[in-house]
file start_7.txt (compact mmCIF, N, CA and C atoms and all ligand atoms)
# COMPACT_ATOMS: atom_id res chain seq x y z
N MET C 1 100.52 81.27 102.20
CA MET C 1 100.20 80.99 100.81
C MET C 1 98.77 81.44 100.50
N SER C 2 98.61 81.94 99.32
CA SER C 2 97.28 82.38 98.88
C SER C 2 96.83 81.48 97.74
N THR C 3 95.59 81.12 97.74
CA THR C 3 95.07 80.25 96.68
C THR C 3 93.74 80.77 96.15
N VAL C 4 93.50 80.43 94.91
CA VAL C 4 92.19 80.66 94.31
C VAL C 4 91.73 79.33 93.72
N THR C 5 90.53 78.93 94.05
CA THR C 5 89.94 77.73 93.47
C THR C 5 88.92 78.16 92.42
N TYR C 6 89.17 77.70 91.20
CA TYR C 6 88.27 78.02 90.08
C TYR C 6 87.46 76.76 89.76
N THR C 7 86.17 76.87 89.80
CA THR C 7 85.30 75.76 89.43
C THR C 7 84.55 76.16 88.17
N ASP C 8 84.56 75.28 87.18
CA ASP C 8 83.84 75.64 85.96
C ASP C 8 82.36 75.26 86.08
N HIS C 9 81.60 75.58 85.06
CA HIS C 9 80.15 75.39 85.15
C HIS C 9 79.76 73.92 85.20
N THR C 10 80.71 73.01 84.89
CA THR C 10 80.42 71.58 84.98
C THR C 10 80.76 71.02 86.36
N GLY C 11 81.39 71.87 87.20
CA GLY C 11 81.74 71.42 88.54
C GLY C 11 83.18 71.00 88.70
N GLN C 12 83.96 71.09 87.62
CA GLN C 12 85.37 70.71 87.70
C GLN C 12 86.16 71.85 88.35
N ALA C 13 86.91 71.50 89.41
CA ALA C 13 87.62 72.52 90.17
C ALA C 13 89.12 72.45 89.96
N ARG C 14 89.76 73.60 90.04
CA ARG C 14 91.21 73.66 89.93
C ARG C 14 91.72 74.67 90.96
N VAL C 15 92.66 74.24 91.79
CA VAL C 15 93.23 75.11 92.82
C VAL C 15 94.55 75.67 92.29
N VAL C 16 94.69 77.00 92.37
CA VAL C 16 95.88 77.66 91.86
C VAL C 16 96.52 78.47 92.98
N GLU C 17 97.84 78.35 93.11
CA GLU C 17 98.57 79.18 94.05
C GLU C 17 98.67 80.58 93.45
N ALA C 18 98.31 81.58 94.21
CA ALA C 18 98.21 82.94 93.67
C ALA C 18 99.23 83.87 94.30
N THR C 19 99.62 84.88 93.54
CA THR C 19 100.57 85.88 94.01
C THR C 19 99.82 87.07 94.58
N VAL C 20 100.22 87.48 95.77
CA VAL C 20 99.58 88.62 96.41
C VAL C 20 99.72 89.86 95.52
N GLY C 21 98.63 90.56 95.34
CA GLY C 21 98.63 91.76 94.51
C GLY C 21 98.10 91.52 93.11
N ASP C 22 98.19 90.28 92.65
CA ASP C 22 97.59 89.96 91.36
C ASP C 22 96.07 89.93 91.52
N SER C 23 95.38 90.07 90.42
CA SER C 23 93.92 89.92 90.49
C SER C 23 93.56 88.45 90.29
N VAL C 24 92.34 88.14 90.61
CA VAL C 24 91.84 86.77 90.38
C VAL C 24 91.83 86.48 88.88
N MET C 25 91.58 87.50 88.06
CA MET C 25 91.64 87.33 86.61
C MET C 25 93.06 87.04 86.16
N GLU C 26 94.03 87.85 86.60
CA GLU C 26 95.43 87.65 86.21
C GLU C 26 95.92 86.27 86.63
N THR C 27 95.52 85.85 87.79
CA THR C 27 95.93 84.53 88.29
C THR C 27 95.41 83.43 87.37
N ALA C 28 94.18 83.58 86.92
CA ALA C 28 93.59 82.58 86.01
C ALA C 28 94.32 82.58 84.67
N VAL C 29 94.53 83.75 84.10
CA VAL C 29 95.15 83.84 82.77
C VAL C 29 96.58 83.29 82.81
N ARG C 30 97.33 83.66 83.85
CA ARG C 30 98.73 83.21 83.96
C ARG C 30 98.85 81.71 84.14
N ASN C 31 97.82 81.12 84.67
CA ASN C 31 97.87 79.68 84.94
C ASN C 31 97.03 78.86 83.96
N GLY C 32 96.57 79.50 82.90
CA GLY C 32 95.85 78.78 81.87
C GLY C 32 94.51 78.23 82.32
N VAL C 33 93.91 78.89 83.28
CA VAL C 33 92.59 78.44 83.74
C VAL C 33 91.55 78.85 82.69
N PRO C 34 90.80 77.90 82.16
CA PRO C 34 89.79 78.25 81.17
C PRO C 34 88.58 78.93 81.83
N GLY C 35 87.80 79.61 81.00
CA GLY C 35 86.55 80.17 81.50
C GLY C 35 86.62 81.64 81.84
N ILE C 36 87.82 82.22 81.75
CA ILE C 36 87.96 83.66 81.95
C ILE C 36 88.67 84.22 80.73
N VAL C 37 87.98 85.05 79.96
CA VAL C 37 88.51 85.55 78.70
C VAL C 37 89.35 86.82 78.91
N ALA C 38 88.82 87.76 79.65
CA ALA C 38 89.55 88.99 79.99
C ALA C 38 90.01 89.75 78.75
N GLU C 39 89.09 90.02 77.87
CA GLU C 39 89.40 90.71 76.61
C GLU C 39 90.10 92.04 76.81
N CYS C 40 89.72 92.79 77.82
CA CYS C 40 90.28 94.14 77.99
C CYS C 40 91.54 94.15 78.85
N GLY C 41 91.95 93.00 79.32
CA GLY C 41 93.18 92.92 80.09
C GLY C 41 93.09 93.52 81.48
N GLY C 42 91.89 93.72 81.95
CA GLY C 42 91.72 94.19 83.33
C GLY C 42 91.41 95.66 83.45
N SER C 43 91.06 96.30 82.35
CA SER C 43 90.79 97.74 82.42
C SER C 43 89.30 98.06 82.64
N LEU C 44 88.56 97.06 83.05
CA LEU C 44 87.16 97.24 83.43
C LEU C 44 86.30 97.75 82.28
N SER C 45 86.49 97.13 81.11
CA SER C 45 85.69 97.57 79.97
C SER C 45 85.19 96.41 79.11
N CYS C 46 85.18 95.17 79.65
CA CYS C 46 84.71 94.08 78.80
C CYS C 46 83.71 93.14 79.48
N ALA C 47 83.82 92.93 80.76
CA ALA C 47 82.96 92.00 81.52
C ALA C 47 83.12 90.55 81.10
N THR C 48 84.25 90.21 80.45
CA THR C 48 84.49 88.81 80.09
C THR C 48 85.37 88.10 81.13
N CYS C 49 85.42 88.68 82.32
CA CYS C 49 86.12 88.05 83.44
C CYS C 49 85.14 87.77 84.57
N HIS C 50 83.87 87.68 84.20
CA HIS C 50 82.78 87.47 85.15
C HIS C 50 82.96 86.15 85.92
N VAL C 51 82.82 86.21 87.22
CA VAL C 51 82.82 84.99 88.05
C VAL C 51 81.74 85.10 89.11
N PHE C 52 81.39 83.96 89.65
CA PHE C 52 80.48 83.91 90.80
C PHE C 52 81.34 83.56 92.02
N VAL C 53 81.35 84.45 92.98
CA VAL C 53 82.17 84.24 94.17
C VAL C 53 81.40 83.39 95.18
N ASP C 54 82.09 82.39 95.73
CA ASP C 54 81.47 81.55 96.75
C ASP C 54 80.87 82.44 97.85
N GLU C 55 79.65 82.15 98.21
CA GLU C 55 78.96 82.98 99.20
C GLU C 55 79.78 83.15 100.49
N ALA C 56 80.50 82.10 100.88
CA ALA C 56 81.27 82.15 102.11
C ALA C 56 82.47 83.09 102.01
N ASP C 57 82.86 83.42 100.79
CA ASP C 57 84.03 84.28 100.59
C ASP C 57 83.67 85.75 100.35
N LEU C 58 82.41 86.03 100.13
CA LEU C 58 82.01 87.39 99.77
C LEU C 58 82.42 88.43 100.81
N ALA C 59 82.31 88.06 102.07
CA ALA C 59 82.62 89.03 103.12
C ALA C 59 84.11 89.32 103.21
N SER C 60 84.93 88.47 102.61
CA SER C 60 86.38 88.64 102.74
C SER C 60 86.98 89.51 101.63
N ILE C 61 86.16 89.92 100.68
CA ILE C 61 86.67 90.78 99.61
C ILE C 61 85.96 92.12 99.66
N PRO C 62 86.64 93.17 99.21
CA PRO C 62 86.01 94.49 99.23
C PRO C 62 84.78 94.53 98.33
N PRO C 63 83.79 95.32 98.70
CA PRO C 63 82.59 95.44 97.85
C PRO C 63 82.93 96.07 96.51
N MET C 64 82.09 95.82 95.53
CA MET C 64 82.37 96.35 94.20
C MET C 64 82.12 97.86 94.13
N GLU C 65 82.87 98.48 93.23
CA GLU C 65 82.68 99.91 92.95
C GLU C 65 81.54 100.05 91.93
N GLU C 66 81.09 101.27 91.76
CA GLU C 66 79.96 101.55 90.87
C GLU C 66 80.22 101.10 89.43
N MET C 67 81.42 101.34 88.93
CA MET C 67 81.74 101.00 87.54
C MET C 67 81.67 99.49 87.31
N GLU C 68 82.18 98.72 88.25
CA GLU C 68 82.10 97.25 88.14
C GLU C 68 80.65 96.82 88.13
N ASP C 69 79.86 97.42 89.00
CA ASP C 69 78.44 97.10 89.08
C ASP C 69 77.76 97.36 87.72
N GLU C 70 78.08 98.47 87.11
CA GLU C 70 77.48 98.78 85.80
C GLU C 70 77.94 97.79 84.73
N MET C 71 79.22 97.47 84.73
CA MET C 71 79.76 96.56 83.72
C MET C 71 79.14 95.17 83.81
N LEU C 72 78.82 94.75 85.01
CA LEU C 72 78.26 93.40 85.19
C LEU C 72 76.92 93.22 84.49
N TRP C 73 76.21 94.32 84.25
CA TRP C 73 74.94 94.21 83.54
C TRP C 73 75.16 93.78 82.09
N GLY C 74 76.39 93.95 81.59
CA GLY C 74 76.69 93.56 80.22
C GLY C 74 77.33 92.20 80.09
N ALA C 75 77.42 91.46 81.18
CA ALA C 75 78.05 90.13 81.13
C ALA C 75 77.23 89.18 80.26
N ALA C 76 77.92 88.25 79.59
CA ALA C 76 77.25 87.33 78.67
C ALA C 76 76.24 86.44 79.40
N GLN C 77 76.61 85.98 80.58
CA GLN C 77 75.66 85.20 81.38
C GLN C 77 75.10 86.10 82.46
N ASP C 78 73.79 86.01 82.68
CA ASP C 78 73.13 86.90 83.63
C ASP C 78 73.84 86.91 84.97
N ARG C 79 73.93 88.09 85.53
CA ARG C 79 74.57 88.23 86.84
C ARG C 79 73.69 87.66 87.94
N GLU C 80 74.37 87.29 89.03
CA GLU C 80 73.69 86.83 90.24
C GLU C 80 74.14 87.74 91.38
N ASP C 81 73.57 87.52 92.56
CA ASP C 81 73.94 88.35 93.70
C ASP C 81 75.43 88.24 94.04
N ASN C 82 76.04 87.11 93.69
CA ASN C 82 77.46 86.90 94.02
C ASN C 82 78.37 87.12 92.81
N SER C 83 77.86 87.76 91.79
CA SER C 83 78.68 88.04 90.60
C SER C 83 79.71 89.12 90.88
N ARG C 84 80.90 88.93 90.35
CA ARG C 84 81.95 89.94 90.38
C ARG C 84 82.76 89.85 89.10
N LEU C 85 83.48 90.93 88.81
CA LEU C 85 84.45 90.89 87.72
C LEU C 85 85.80 90.55 88.36
N SER C 86 86.39 89.44 87.90
CA SER C 86 87.57 88.92 88.59
C SER C 86 88.79 89.81 88.46
N CYS C 87 88.78 90.72 87.49
CA CYS C 87 89.93 91.65 87.39
C CYS C 87 89.90 92.67 88.51
N GLN C 88 88.79 92.76 89.21
CA GLN C 88 88.67 93.75 90.28
C GLN C 88 88.85 93.14 91.67
N ILE C 89 89.17 91.85 91.73
CA ILE C 89 89.38 91.19 93.02
C ILE C 89 90.86 90.90 93.16
N LYS C 90 91.49 91.52 94.14
CA LYS C 90 92.92 91.33 94.37
C LYS C 90 93.18 90.17 95.33
N VAL C 91 94.24 89.45 95.02
CA VAL C 91 94.68 88.38 95.90
C VAL C 91 95.39 89.01 97.10
N THR C 92 95.00 88.60 98.28
CA THR C 92 95.63 89.11 99.50
C THR C 92 96.37 87.97 100.20
N GLU C 93 97.24 88.34 101.12
CA GLU C 93 98.05 87.36 101.83
C GLU C 93 97.16 86.34 102.55
N GLY C 94 97.39 85.08 102.28
CA GLY C 94 96.67 84.02 102.97
C GLY C 94 95.24 83.81 102.52
N CYS C 95 94.84 84.47 101.47
CA CYS C 95 93.44 84.32 101.05
C CYS C 95 93.21 82.93 100.45
N ASP C 96 91.98 82.49 100.50
CA ASP C 96 91.59 81.18 99.99
C ASP C 96 90.23 81.39 99.32
N LEU C 97 90.30 81.98 98.13
CA LEU C 97 89.07 82.36 97.44
C LEU C 97 88.55 81.23 96.57
N HIS C 98 87.25 81.17 96.42
CA HIS C 98 86.59 80.17 95.59
C HIS C 98 85.63 80.87 94.64
N VAL C 99 85.85 80.66 93.35
CA VAL C 99 84.98 81.28 92.35
C VAL C 99 84.53 80.24 91.34
N THR C 100 83.39 80.48 90.76
CA THR C 100 82.88 79.62 89.69
C THR C 100 82.78 80.44 88.43
N THR C 101 83.26 79.89 87.33
CA THR C 101 83.18 80.60 86.06
C THR C 101 81.85 80.27 85.37
N PRO C 102 81.30 81.23 84.66
CA PRO C 102 80.02 81.00 83.98
C PRO C 102 80.19 80.11 82.75
N ALA C 103 79.10 79.62 82.23
CA ALA C 103 79.13 78.74 81.06
C ALA C 103 79.67 79.46 79.83
N THR C 104 79.45 80.77 79.78
CA THR C 104 79.95 81.54 78.64
C THR C 104 80.39 82.93 79.12
N GLN C 105 81.40 83.47 78.42
CA GLN C 105 81.87 84.82 78.74
C GLN C 105 81.66 85.78 77.57
N VAL C 106 81.28 85.23 76.42
CA VAL C 106 81.14 86.11 75.25
C VAL C 106 79.82 85.84 74.54
S1 LIG J 1 89.10 91.84 82.22
FE1 LIG J 1 87.77 93.21 81.19
S2 LIG J 1 86.42 93.85 82.77
FE2 LIG J 1 87.73 92.43 83.76
call {"tool": "encode", "arguments": {"input": "start_7.txt", "output": "structure tokens"}}
result
Amino acid sequence: MSTVTYTDHTGQARVVEATVGDSVMETAVRNGVPGIVAECGGSLSCATCHVFVDEADLASIPPMEEMEDEMLWGAAQDREDNSRLSCQIKVTEGCDLHVTTPATQV
């Protein structure tokens, strides 16, 4: 089983069972997780799917590509070292990812 834990900026956490191959953004949208807007639907052109990945999980996901890195500079809340766009993080078999959503996405 694969899971993603979404914690909002107030500290409230929600664990969601995720489908392998879906993105962390798609998993949030399909399960009604607040805090991820995803205006562009995952085409890497909005930065409203910004999340902060738990430091312990960073090594388990592929590094970001150049385009994601550029898009993150336009995120509504300032990026941090652990910032990622959740549409670019794929759920893998047995993964147990933890992300925190920013206070604002727009
Ligand atoms: S959903 Fe638009 S960049 Fe991720």
call {"tool": "atom_distance", "arguments": {"input": "start_7.txt", "atom1": "atom C of Lys90 of chain C", "atom2": "atom N of Ser45 of chain C"}}
result
17.2 Å
call {"tool": "residues_around", "arguments": {"input": "start_7.txt", "residues": "Gln105 of chain C", "least_positions_apart": "5", "cutoff": "10 Å", "atoms": "only C-alpha atoms", "output": "list in words"}}
result
Gly35, Ile36, Val37, Ala38, Glu39, Cys46, Ala47, Thr48, Cys49, His50, Val51, Ala75, Ala76 and Gln77 of chain C
call {"tool": "select_by_dssp", "arguments": {"input": "start_7.txt", "residues": "chain C", "states": "strand (DSSP E)", "output": "list in words"}}
result
Ser2, Thr3, Val4, Thr5, Tyr6, Thr7, Ala13, Arg14, Val15, Val16, Glu17, Ala18, His50, Val51, Phe52, Val53, Ser83, Arg84, Leu85, Asp96, Leu97, His98, Val99 and Thr100 of chain C
call {"tool": "select_by_dssp", "arguments": {"input": "start_7.txt", "residues": "segment 6-36 of chain C", "states": "helix (DSSP H, G or I)", "output": "short mmCIF file (atom, residue, chain, number, x, y, z; two decimals) with N, CA and C atoms, in the frame of the given file"}}
result
data_model
loop_
_atom_site.label_atom_id
_atom_site.label_comp_id
_atom_site.auth_asym_id
_atom_site.auth_seq_id
_atom_site.Cartn_x
_atom_site.Cartn_y
_atom_site.Cartn_z
N VAL C 24 92.34 88.14 90.61
CA VAL C 24 91.84 86.77 90.38
C VAL C 24 91.83 86.48 88.88
N MET C 25 91.58 87.50 88.06
CA MET C 25 91.64 87.33 86.61
C MET C 25 93.06 87.04 86.16
N GLU C 26 94.03 87.85 86.60
CA GLU C 26 95.43 87.65 86.21
C GLU C 26 95.92 86.27 86.63
N THR C 27 95.52 85.85 87.79
CA THR C 27 95.93 84.53 88.29
C THR C 27 95.41 83.43 87.37
N ALA C 28 94.18 83.58 86.92
CA ALA C 28 93.59 82.58 86.01
C ALA C 28 94.32 82.58 84.67
N VAL C 29 94.53 83.75 84.10
CA VAL C 29 95.15 83.84 82.77
C VAL C 29 96.58 83.29 82.81
N ARG C 30 97.33 83.66 83.85
CA ARG C 30 98.73 83.21 83.96
C ARG C 30 98.85 81.71 84.14
#
call {"tool": "atom_distance", "arguments": {"input": "start_7.txt", "atom1": "atom CA of Gly32 of chain C", "atom2": "atom C of Glu66 of chain C"}}
result
28.3 Å
call {"tool": "atom_distance", "arguments": {"input": "start_7.txt", "atom1": "atom CA of Asp22 of chain C", "atom2": "atom CA of Met71 of chain C"}}
result
20.5 Å
call {"tool": "residues_near_point", "arguments": {"input": "start_7.txt", "point": "(90.4, 92.1, 91.3)", "cutoff": "6.5 Å", "atoms": "only N, CA and C atoms", "output": "number ranges by chain"}}
result
C: 22-25, 85-91
call {"tool": "axis_aligned_box", "arguments": {"input": "start_7.txt", "around": "ligand LIG 1 (chain J)", "padding_each_side": "6 Å", "output": "JSON"}}
result
{"center_x": 87.8, "center_y": 92.8, "center_z": 82.5, "size_x": 14.7, "size_y": 14.0, "size_z": 14.6}
call {"tool": "residues_around", "arguments": {"input": "start_7.txt", "residues": "Thr10 of chain C", "least_positions_apart": "5", "cutoff": "8 Å", "atoms": "only N, CA and C atoms", "output": "PyMOL selection string"}}
result
chain C and resi 101-103
call {"tool": "closest_residue", "arguments": {"input": "start_7.txt", "among": "C:Arg30, C:Val99, C:Val53, C:Met67", "to": "Arg84 of chain C", "atoms": "only N, CA and C atoms"}}
result
C:Val53
call {"tool": "closest_residue", "arguments": {"input": "start_7.txt", "among": "C:Asp69, C:Asp81, C:Glu55, C:Glu93", "to": "ligand LIG 1 (chain J)", "atoms": "only C-alpha atoms and all ligand atoms"}}
result
C:Asp69
call {"tool": "closest_residue", "arguments": {"input": "start_7.txt", "among": "C:Gly94, C:Pro62, C:Pro34, C:Gly41", "to": "ligand LIG 1 (chain J)", "atoms": "only C-alpha atoms and all ligand atoms"}}
result
C:Gly41
call {"tool": "closest_residue", "arguments": {"input": "start_7.txt", "among": "C:Glu68, C:Asp8, C:Asp54, C:Asp78", "to": "ligand LIG 1 (chain J)", "atoms": "only N, CA and C atoms and all ligand atoms"}}
result
C:Glu68
